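work.cif (mmCIF, C-alpha atoms)
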```
data_structure
loop_
_atom_site.label_atom_id
_atom_site.label_comp_id
_atom_site.auth_asym_id
_atom_site.auth_seq_id
_atom_site.Cartn_x
_atom_site.Cartn_y
_atom_site.Cartn_z
CA MET A 143 7.55 -21.31 20.15
CA ASN A 144 4.73 -23.62 21.07
CA LEU A 145 2.16 -23.39 18.31
CA ASP A 146 -0.03 -26.03 19.93
CA LYS A 147 -0.38 -23.76 22.94
CA MET A 148 -1.44 -20.91 20.65
CA MET A 149 -4.14 -23.20 19.27
CA ASP A 150 -5.66 -23.29 22.79
CA LEU A 151 -6.64 -19.62 22.42
CA PRO A 152 -10.42 -19.14 22.06
CA GLY A 153 -11.52 -19.64 18.45
CA ALA A 154 -8.00 -20.41 17.19
CA MET A 155 -8.05 -21.77 13.64
CA ALA A 156 -4.35 -21.56 12.85
CA ALA A 157 -1.08 -20.62 14.47
CA PHE A 158 2.10 -19.90 12.56
CA THR A 159 5.62 -18.52 12.64
CA TYR A 160 7.35 -16.64 9.86
CA SER A 161 10.75 -15.21 8.97
CA ASP A 162 11.60 -11.50 9.16
CA LYS A 163 10.72 -11.30 5.47
CA GLY A 164 7.34 -12.97 5.99
CA ASP A 165 8.06 -16.47 4.66
CA LEU A 166 5.97 -19.05 6.47
CA GLN A 167 8.16 -21.27 8.65
CA ALA A 168 5.94 -23.45 10.83
CA HIS A 169 2.19 -23.72 11.14
CA VAL A 170 -0.66 -25.62 12.73
CA LEU A 171 -4.14 -25.68 11.15
CA ARG A 172 -7.39 -26.61 12.88
CA GLU A 173 -8.94 -29.59 11.14
CA GLY A 174 -11.70 -28.62 8.74
CA THR A 175 -10.60 -24.98 8.34
CA GLU A 176 -10.57 -23.45 4.88
CA LEU A 177 -7.19 -21.86 5.56
CA THR A 178 -4.23 -23.36 3.72
CA PRO A 179 -0.46 -22.98 4.11
CA GLN A 180 -0.50 -20.80 0.97
CA VAL A 181 -3.02 -18.42 2.54
CA LEU A 182 -1.01 -18.35 5.77
CA ASP A 183 2.13 -17.52 3.79
CA LEU A 184 0.35 -14.58 2.13
CA LEU A 185 -1.04 -13.50 5.49
CA ALA A 186 2.40 -13.68 7.08
CA HIS A 187 3.80 -11.40 4.38
CA SER A 188 1.01 -8.88 4.92
CA CYS A 189 1.57 -9.10 8.69
CA VAL A 190 5.23 -8.18 8.32
CA ALA A 191 4.17 -5.18 6.24
CA ASN A 192 1.50 -4.16 8.76
CA LEU A 193 3.85 -4.43 11.73
CA ALA A 194 6.44 -2.36 9.89
CA ILE A 195 3.87 0.31 9.03
CA ALA A 196 2.44 0.31 12.56
CA ASN A 197 5.96 0.74 13.95
CA MET A 198 6.52 3.65 11.61
CA GLU A 199 3.24 5.17 12.77
CA ALA A 200 4.09 4.67 16.44
CA ARG A 201 7.45 6.36 15.98
CA GLY A 202 6.02 9.19 13.92
CA TRP A 203 3.10 9.74 16.27
CA GLU A 204 5.28 9.88 19.37
CA ALA A 205 7.81 12.17 17.69
CA VAL A 206 5.25 14.63 16.34
CA THR A 207 2.72 14.70 19.18
CA GLY A 208 5.04 14.07 22.11
CA GLN A 209 2.49 11.53 23.37
CA GLY A 210 4.03 8.25 24.50
CA GLY A 211 2.61 4.80 25.02
CA PHE A 212 2.81 3.25 21.58
CA GLN A 213 6.37 2.00 21.53
CA PRO A 214 7.48 -0.71 21.70
CA LEU A 215 4.61 -2.00 19.59
CA LYS A 216 3.14 -5.16 21.03
CA GLY A 217 1.19 -6.45 18.08
CA PHE A 218 -1.20 -5.82 15.22
CA SER A 219 -4.47 -7.41 14.22
CA VAL A 220 -6.54 -7.40 11.04
CA VAL A 221 -10.22 -8.03 11.71
CA GLY A 222 -11.73 -9.84 8.72
CA LEU A 223 -15.37 -10.71 8.16
CA GLU A 224 -15.31 -14.08 9.90
CA TRP A 225 -11.87 -14.27 11.44
CA SER A 226 -9.03 -12.09 12.65
CA VAL A 227 -5.31 -12.55 12.42
CA VAL A 228 -3.32 -11.36 15.44
CA VAL A 229 0.45 -11.06 15.13
CA ASN A 230 3.51 -9.91 17.00
CA GLY A 231 7.21 -10.53 16.42
CA ASN A 232 7.52 -13.59 14.19
CA CYS A 233 4.39 -15.37 15.29
CA GLY A 234 0.68 -15.13 14.50
CA VAL A 235 -2.64 -16.71 15.25
CA VAL A 236 -5.91 -16.73 13.29
CA VAL A 237 -9.03 -16.65 15.48
CA ARG A 238 -12.74 -16.86 14.69
CA ASN A 239 -14.34 -13.44 15.29
CA ARG A 240 -17.26 -14.75 17.31
CA ASP A 241 -14.90 -16.34 19.85
CA ALA A 242 -12.02 -13.88 19.58
CA ASP A 243 -10.27 -12.78 22.77
CA TYR A 244 -7.88 -10.18 21.42
CA GLU A 245 -6.27 -9.46 24.78
CA ALA A 246 -5.51 -13.10 25.40
CA ALA A 247 -4.09 -13.43 21.89
CA PHE A 248 -1.81 -10.40 22.28
CA LYS A 249 -0.70 -11.66 25.68
CA ALA A 250 0.06 -15.13 24.37
CA LEU A 251 2.04 -13.71 21.46
CA GLN A 252 4.09 -11.56 23.77
CA ALA A 253 4.96 -14.52 25.92
CA ALA A 254 5.86 -16.54 22.83
CA MET B 95 -26.72 7.77 21.37
CA ASN B 96 -24.14 7.83 18.61
CA ILE B 97 -21.27 5.38 18.46
CA VAL B 98 -18.55 7.86 19.39
CA LYS B 99 -20.44 9.01 22.48
CA GLN B 100 -21.03 5.41 23.54
CA LEU B 101 -17.35 4.61 23.18
CA MET B 102 -16.36 7.70 25.12
CA ALA B 103 -18.64 6.63 27.97
CA ILE B 104 -16.38 3.62 28.59
CA PRO B 105 -13.69 4.36 31.23
CA GLY B 106 -10.26 3.98 29.64
CA VAL B 107 -11.28 5.14 26.16
CA ILE B 108 -9.01 8.12 25.51
CA ALA B 109 -10.57 9.32 22.29
CA ALA B 110 -12.89 8.12 19.56
CA GLY B 111 -13.96 9.45 16.20
CA GLU B 112 -14.87 8.97 12.58
CA PHE B 113 -12.67 9.40 9.53
CA ALA B 114 -13.43 9.77 5.83
CA PHE B 115 -11.45 8.74 2.81
CA ARG B 116 -9.74 12.10 2.98
CA GLY B 117 -7.83 12.82 6.14
CA ASP B 118 -9.21 16.31 6.35
CA ARG B 119 -12.79 15.15 6.95
CA PHE B 120 -13.15 13.80 10.46
CA SER B 121 -14.96 14.18 13.74
CA TYR B 122 -13.88 13.09 17.21
CA GLU B 123 -14.34 13.36 20.95
CA GLY B 124 -11.81 12.94 23.73
CA ALA B 125 -8.29 13.86 24.67
CA LEU B 126 -6.88 14.82 21.28
CA THR B 127 -6.27 18.25 19.83
CA ASP B 128 -7.84 19.07 16.45
CA GLU B 129 -4.47 18.62 14.77
CA PHE B 130 -3.83 15.27 16.48
CA ALA B 131 -7.30 14.08 15.54
CA ARG B 132 -6.60 15.01 11.93
CA MET B 133 -3.37 13.03 12.11
CA ALA B 134 -5.20 10.11 13.70
CA SER B 135 -7.77 10.08 10.93
CA ILE B 136 -5.02 10.10 8.25
CA LEU B 137 -3.27 7.25 10.05
CA CYS B 138 -6.46 5.23 10.38
CA ARG B 139 -7.37 5.76 6.76
CA ALA B 140 -3.89 4.63 5.62
CA ASN B 141 -4.13 1.41 7.64
CA THR B 142 -7.69 0.74 6.52
CA LEU B 143 -6.70 1.14 2.87
CA ALA B 144 -3.64 -1.07 3.31
CA ILE B 145 -5.51 -3.96 4.89
CA ASN B 146 -8.32 -3.66 2.37
CA MET B 147 -5.82 -4.16 -0.41
CA GLN B 148 -4.16 -7.05 1.38
CA THR B 149 -7.40 -8.88 2.05
CA GLU B 150 -8.41 -8.41 -1.57
CA ILE B 151 -5.16 -10.12 -2.58
CA VAL B 152 -5.57 -12.91 -0.01
CA ASP B 153 -9.16 -13.39 -1.17
CA SER B 154 -8.10 -13.68 -4.79
CA PHE B 155 -6.03 -16.72 -3.81
CA ALA B 156 -8.59 -18.18 -1.41
CA GLU B 157 -11.98 -16.92 -2.49
CA GLY B 158 -14.63 -16.81 0.21
CA CYS B 159 -12.14 -17.75 2.93
CA GLY B 160 -13.75 -15.30 5.37
CA CYS B 161 -11.31 -12.41 5.38
CA ARG B 162 -13.27 -10.12 3.10
CA PRO B 163 -14.82 -7.61 3.41
CA VAL B 164 -12.37 -6.56 6.08
CA GLN B 165 -13.96 -5.13 9.23
CA GLY B 166 -11.11 -3.30 10.94
CA TRP B 167 -7.72 -3.52 12.61
CA ILE B 168 -5.95 -3.13 15.95
CA ALA B 169 -2.51 -1.64 16.61
CA HIS B 170 -1.53 -2.76 20.09
CA GLY B 171 0.98 -0.33 21.60
CA ASN B 172 2.89 -0.50 24.84
CA LEU B 173 0.37 1.45 26.93
CA VAL B 174 -2.20 2.50 24.36
CA THR B 175 -4.05 0.63 21.61
CA ILE B 176 -5.66 2.09 18.50
CA CYS B 177 -8.52 0.15 16.99
CA ALA B 178 -10.68 0.83 13.98
CA VAL B 179 -13.88 -0.74 12.70
CA GLY B 180 -15.22 0.58 9.40
CA ASN B 181 -14.53 4.30 9.50
CA TYR B 182 -14.66 4.60 13.30
CA PHE B 183 -11.55 4.65 15.47
CA ALA B 184 -10.77 4.58 19.17
CA PHE B 185 -7.67 5.20 21.27
CA VAL B 186 -7.86 3.02 24.38
CA GLU B 187 -5.68 2.46 27.39
CA ASN B 188 -4.24 -1.01 27.82
CA ARG B 189 -6.41 -2.23 30.70
CA ASP B 190 -7.69 -5.70 31.37
CA GLU B 191 -10.81 -6.55 29.37
CA LEU B 192 -11.07 -3.06 27.89
CA LEU B 193 -9.92 -3.89 24.37
CA ASN B 194 -12.31 -6.82 24.07
CA ASP B 195 -15.20 -4.65 25.33
CA VAL B 196 -14.39 -1.84 22.92
CA MET B 197 -14.08 -4.24 19.99
CA THR B 198 -17.36 -5.95 20.87
CA ILE B 199 -19.16 -2.62 21.07
CA MET B 200 -17.61 -1.28 17.88
CA ARG B 201 -18.43 -4.45 15.93
CA ALA B 202 -22.00 -4.47 17.26
CA LYS B 203 -22.71 -0.78 16.80
CA VAL B 204 -20.97 -0.19 13.50
CA GLY B 205 -22.39 -3.43 12.12
CA ASP B 206 -20.90 -5.66 9.46
CA ILE B 207 -18.90 -3.66 6.98
CA ARG B 208 -19.90 -4.45 3.44
CA ASP B 209 -17.76 -4.34 0.32
CA ASP B 210 -18.78 -0.77 -0.45
CA LEU B 211 -17.00 0.82 2.56
CA LEU B 212 -14.37 2.47 0.44
CA ALA B 213 -16.85 3.54 -2.20
CA ASN B 214 -18.82 5.23 0.59
CA LEU B 215 -15.73 6.83 2.06
CA TYR B 216 -14.67 7.93 -1.37
CA SER B 217 -18.04 9.46 -2.17
CA LYS B 218 -17.64 11.76 0.83
CA ILE B 219 -14.63 13.47 -0.74
CA GLY B 220 -16.22 15.76 -3.29
CA GLY B 221 -14.32 18.68 -4.76
CA ASP B 222 -10.85 18.36 -6.20
CA THR B 223 -9.44 15.02 -5.14
CA ARG B 224 -5.96 16.07 -6.25
CA GLU B 225 -5.76 19.00 -3.87
CA ALA B 226 -2.73 18.81 -1.61
CA LEU B 227 -3.38 17.93 2.01
CA TYR B 228 -0.49 19.98 3.32
CA MET C 7 -3.51 9.94 -25.88
CA SER C 8 -4.79 6.57 -26.94
CA LEU C 9 -3.53 3.51 -25.10
CA ARG C 10 -1.97 2.39 -28.39
CA LYS C 11 0.67 5.10 -28.07
CA ILE C 12 1.81 3.51 -24.83
CA LEU C 13 1.41 -0.05 -26.01
CA VAL C 14 3.77 0.55 -28.94
CA LEU C 15 6.60 1.57 -26.60
CA ASP C 16 9.33 -1.09 -26.31
CA GLY C 17 8.62 -3.87 -23.84
CA VAL C 18 5.06 -2.85 -22.94
CA THR C 19 2.76 -5.85 -22.72
CA ALA C 20 -0.38 -4.31 -21.21
CA VAL C 21 -1.75 -0.90 -20.40
CA CYS C 22 -4.98 0.05 -18.73
CA ARG C 23 -6.93 3.12 -17.61
CA PHE C 24 -9.03 2.42 -14.52
CA ARG C 25 -11.83 4.12 -12.63
CA ASP C 26 -11.77 5.20 -8.98
CA ASP C 27 -13.52 1.99 -7.98
CA GLY C 28 -10.94 -0.15 -9.79
CA VAL C 29 -13.08 -0.94 -12.84
CA VAL C 30 -11.37 -0.99 -16.25
CA MET C 31 -12.19 2.07 -18.38
CA GLU C 32 -10.07 1.06 -21.33
CA ALA C 33 -7.37 -1.53 -21.78
CA ASP C 34 -5.03 -2.82 -24.44
CA GLY C 35 -2.34 -5.44 -24.62
CA MET C 36 -1.69 -9.12 -24.24
CA LEU C 37 -3.45 -9.83 -20.95
CA PRO C 38 -6.70 -11.78 -21.04
CA PRO C 39 -9.73 -9.68 -19.91
CA GLU C 40 -9.93 -11.42 -16.52
CA LEU C 41 -6.30 -10.64 -15.70
CA MET C 42 -6.73 -7.08 -16.98
CA GLU C 43 -9.61 -6.61 -14.52
CA ARG C 44 -7.39 -7.92 -11.72
CA LEU C 45 -4.57 -5.63 -12.77
CA ALA C 46 -6.91 -2.60 -12.67
CA LYS C 47 -8.24 -3.54 -9.26
CA PHE C 48 -4.78 -4.21 -7.87
CA ALA C 49 -3.53 -0.91 -9.30
CA GLN C 50 -6.35 1.02 -7.68
CA TRP C 51 -5.77 -0.62 -4.27
CA TYR C 52 -2.08 0.01 -4.59
CA ARG C 53 -2.71 3.63 -5.51
CA ARG C 54 -4.85 4.07 -2.41
CA MET C 55 -2.36 2.36 -0.15
CA VAL C 56 0.62 4.32 -1.47
CA SER C 57 -1.38 7.51 -1.16
CA GLY C 58 -2.24 6.69 2.47
CA ASN C 59 1.37 5.92 3.37
CA THR C 60 2.61 9.01 1.54
CA ASP C 61 0.18 11.17 3.50
CA LEU C 62 1.60 9.66 6.70
CA LEU C 63 5.17 10.24 5.63
CA SER C 64 4.29 13.81 4.74
CA LEU C 65 2.60 14.25 8.09
CA PHE C 66 5.31 12.80 10.26
CA SER C 67 8.24 14.28 8.34
CA GLN C 68 6.49 17.66 8.07
CA MET C 69 8.09 17.84 4.66
CA ARG C 70 6.29 19.21 1.62
CA GLY C 71 6.39 17.61 -1.78
CA TRP C 72 5.37 14.03 -1.01
CA SER C 73 1.63 14.34 -0.93
CA PRO C 74 -0.54 13.81 -2.90
CA SER C 75 1.33 10.86 -4.35
CA GLN C 76 1.45 10.68 -8.13
CA GLY C 77 2.18 7.03 -8.80
CA TRP C 78 4.17 3.93 -7.95
CA ILE C 79 6.59 1.44 -9.50
CA VAL C 80 7.17 -2.19 -8.57
CA GLN C 81 10.16 -3.69 -10.34
CA GLY C 82 10.37 -7.45 -10.38
CA ASP C 83 13.07 -9.73 -11.71
CA ALA C 84 11.90 -9.72 -15.31
CA VAL C 85 8.82 -7.51 -15.37
CA THR C 86 7.79 -4.15 -13.97
CA VAL C 87 4.35 -2.84 -13.17
CA CYS C 88 4.04 0.91 -12.84
CA SER C 89 1.29 3.44 -12.48
CA SER C 90 0.68 7.15 -12.72
CA GLY C 91 -2.71 8.58 -11.77
CA ASN C 92 -5.36 6.23 -13.11
CA MET C 93 -3.06 4.54 -15.66
CA VAL C 94 -1.21 1.28 -15.09
CA CYS C 95 1.23 -0.55 -17.31
CA LEU C 96 3.09 -3.85 -17.41
CA PHE C 97 6.39 -4.20 -19.28
CA ASP C 98 9.42 -6.45 -19.74
CA ASN C 99 12.50 -5.10 -17.98
CA ALA C 100 14.85 -6.29 -20.71
CA GLU C 101 13.16 -4.23 -23.41
CA GLY C 102 11.33 -1.35 -21.81
CA SER C 103 12.54 2.05 -20.64
CA LEU C 104 11.03 2.89 -17.25
CA ASN C 105 11.56 6.64 -17.69
CA GLN C 106 9.92 6.71 -21.08
CA ILE C 107 6.97 4.62 -19.96
CA MET C 108 6.38 6.64 -16.78
CA GLU C 109 6.47 9.84 -18.80
CA ALA C 110 3.88 8.49 -21.22
CA LEU C 111 1.66 7.20 -18.41
CA THR C 112 1.79 10.55 -16.60
CA GLU C 113 0.90 12.38 -19.78
CA ALA C 114 -2.02 10.02 -20.44
CA ALA C 115 -3.21 10.30 -16.84
CA HIS C 116 -3.46 14.08 -17.10
CA GLU C 117 -5.60 14.04 -20.21
#
```
For the file at hand, write its structure as structure tokens.
Amino acid sequence: MNLDKMMDLPGAMAAFTYSDKGDLQAHVLREGTELTPQVLDLLAHSCVANLAIANMEARGWEAVTGQGGFQPLKGFSVVGLEWSVVVNGNCGVVVRNRDADYEAAFKALQAA
Amino acid sequence: MNIVKQLMAIPGVIAAGEFAFRGDRFSYEGALTDEFARMASILCRANTLAINMQTEIVDSFAEGCGCRPVQGWIAHGNLVTICAVGNYFAFVENRDELLNDVMTIMRAKVGDIRDDLLANLYSKIGGDTREALY
Amino acid sequence: MSLRKILVLDGVTAVCRFRDDGVVMEADGMLPPELMERLAKFAQWYRRMVSGNTDLLSLFSQMRGWSPSQGWIVQGDAVTVCSSGNMVCLFDNAEGSLNQIMEALTEAAHE
């Protein structure tokens, strides 16, 4: 996992990896950002929860409606006021909303 | 033109709509049946509530860090993506540049979501809030 | 039922009745006011989140009896926080009885 490469994404403020339980493992922070490792650790835990819930929704939706296309889930993003966190698997990136390229972020996370 | 109609005018947008705090109050356009749209609005509401709680917790540890009030979320599926801003949602095909366009339009048209989103959603309930949905 | 009746139960350290917007209606116990406000807000968010996920479970499982959700329990190593309706309570695991406390909270929530 090359976190420095993730930091090349437009507006990237932080990139991080986390365990299956959500514990922060490695991270890179853009200089001057207000984000801290503690905030990233909290975020990572919420991301694990969100991915699990989104997976449950994808499975449930496909089973009940018969519509496909959601599984396998390729990521989840929370859009905050000033920044968004985009995650997939065990890796995430925080991007500034005004520069965010969600598609590029999802693509980069998939390749990671 | 309203937001849902504008979203539906974009090629690749499968469906779009609005949900309230209760899953049984919704409106939509596009390729969903009434029942599926009801399910979609319940799903969107659940995710919106979950991330609102999470950002509140994150914010309590890092006040003013820029995550709150939360604006929306994106669930990126294999072929389809669901995105929500405020109480609007859209089902979009995974095509190049489409997700970014939809997000830009939703953010611009819905506007910045303020802290009172849930209070507003909640105020739309009325009646007996303990009534069973199913 | 006054909050006192819940507070006197073994192990209970704080109990609170909160409004739909997460504001404290009444509270009693050993938490400072600021923490009590946080507890109420957290409880309300948690209630909403659990209710959203329960609706989904109900929807996807097509099974009756889950929704609307009535409450939630989070049991930690030494303390438990639990809620029924618009009541939330914090207690020590070593001393408190979860069943007894949940029963009292449910009764108070239906008043």
When the PyMOL selection byres ((chain B) within 6 of (chain A)) is applied to the structure above, which residues does it catch, written out as a list in words? Gly160, Cys161, Arg162, Pro163, Val164, Gln165, Gly166, Trp167, Ile168, Ala169, His170, Gly171, Asn172, Leu173 and Val174 of chain B
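The interatomic distance for the pair CA of Glu112 in chain B and CA of Asp128 in chain B works out to 12.9 Å.
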Which residues of chain C are close to chain B, meaning at most 9 Å apart when you count all atoms listed in the file, and how do they look as a PyMOL selection string? chain C and resi 26-27+48+50-52+54-62+64-66+68-71+73-74
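A cut-off of 9 Å from the point (9.8, -4.2, -18.1), with all atoms listed in the file, picks out the residues C:Asp16, C:Gly17, C:Val18, C:Thr19, C:Gln81, C:Gly82, C:Ala84, C:Val85, C:Thr86, C:Val87, C:Leu96, C:Phe97, C:Asp98, C:Asn99, C:Ala100, C:Glu101, C:Gly102, C:Ser103, C:Leu104.
Each of C:Glu43, C:Val30, C:Gln76, C:Leu63 was compared to chain A using only C-alpha atoms, and C:Leu63 turns out to be the nearest.
The gap separating CA of Ala186 in chain A from CA of Ala254 in chain A is 16.4 Å, in Å to one decimal.
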Between A:Glu204, A:Met149, A:Thr159, A:Gln252, which one has atoms that come closest to chain C, using all atoms listed in the file? A:Glu204
Distance query range 106-110 of chain C at most 10 Å, all atoms listed in the file, self and fewer than 6 positions along chain excluded, as a CSV table (one decimal) with C-alpha atoms, keeping the file's coordinate frame:
```
chain,number,residue,atom,x,y,z
C,7,MET,CA,-3.5,9.9,-25.9
C,9,LEU,CA,-3.5,3.5,-25.1
C,11,LYS,CA,0.7,5.1,-28.1
C,12,ILE,CA,1.8,3.5,-24.8
C,13,LEU,CA,1.4,0.0,-26.0
C,15,LEU,CA,6.6,1.6,-26.6
C,16,ASP,CA,9.3,-1.1,-26.3
C,17,GLY,CA,8.6,-3.9,-23.8
C,18,VAL,CA,5.1,-2.8,-22.9
C,77,GLY,CA,2.2,7.0,-8.8
C,78,TRP,CA,4.2,3.9,-8.0
C,79,ILE,CA,6.6,1.4,-9.5
C,88,CYS,CA,4.0,0.9,-12.8
C,89,SER,CA,1.3,3.4,-12.5
C,90,SER,CA,0.7,7.2,-12.7
C,93,MET,CA,-3.1,4.5,-15.7
C,94,VAL,CA,-1.2,1.3,-15.1
C,95,CYS,CA,1.2,-0.6,-17.3
C,96,LEU,CA,3.1,-3.8,-17.4
C,97,PHE,CA,6.4,-4.2,-19.3
```
Which polymer residues have any atom within 10 Å of an atom of Asp195 in chain B, counting only C-alpha atoms, with same-chain residues fewer than 5 positions away left out, as number ranges by chain? A: 243-244; B: 101, 104, 190, 200-201
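For the choices C:Ser75, C:Ser8, C:Ser67, C:Asn92, the atom-to-atom distance to chain A is smallest for C:Ser67 when using all atoms listed in the file.
The space between CA of Met155 in chain A and CA of Val236 in chain A spans 5.5 Å.
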Within 10 Å of range 119-127 of chain B, counting all atoms listed in the file, which residues show up once you throw out same-chain ones fewer than 4 positions away? Write them as a ChimeraX atom specification, please. /A:207 /B:98-99,101-102,107-115,131-136,181-185,218-219
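Compared by their closest atoms to Val29 in chain C, and using only C-alpha atoms, the residues C:Arg53, C:Leu41, C:Val14, C:Ala46 rank with C:Ala46 nearest.
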Running the PyMOL selection byres ((chain B and resi 187) around 6) on this model by hand, what would come out? Give it as an mmCIF file with C-alpha atoms, in the coordinates of the input.
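File produced: out_19.cif:
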```
data_model
loop_
_atom_site.group_PDB
_atom_site.id
_atom_site.type_symbol
_atom_site.label_atom_id
_atom_site.label_comp_id
_atom_site.auth_asym_id
_atom_site.auth_seq_id
_atom_site.Cartn_x
_atom_site.Cartn_y
_atom_site.Cartn_z
ATOM 1 C CA GLY B 106 -10.260 3.980 29.640
ATOM 2 C CA VAL B 174 -2.200 2.500 24.360
ATOM 3 C CA VAL B 186 -7.860 3.020 24.380
ATOM 4 C CA ASN B 188 -4.240 -1.010 27.820
ATOM 5 C CA ARG B 189 -6.410 -2.230 30.700
#
```
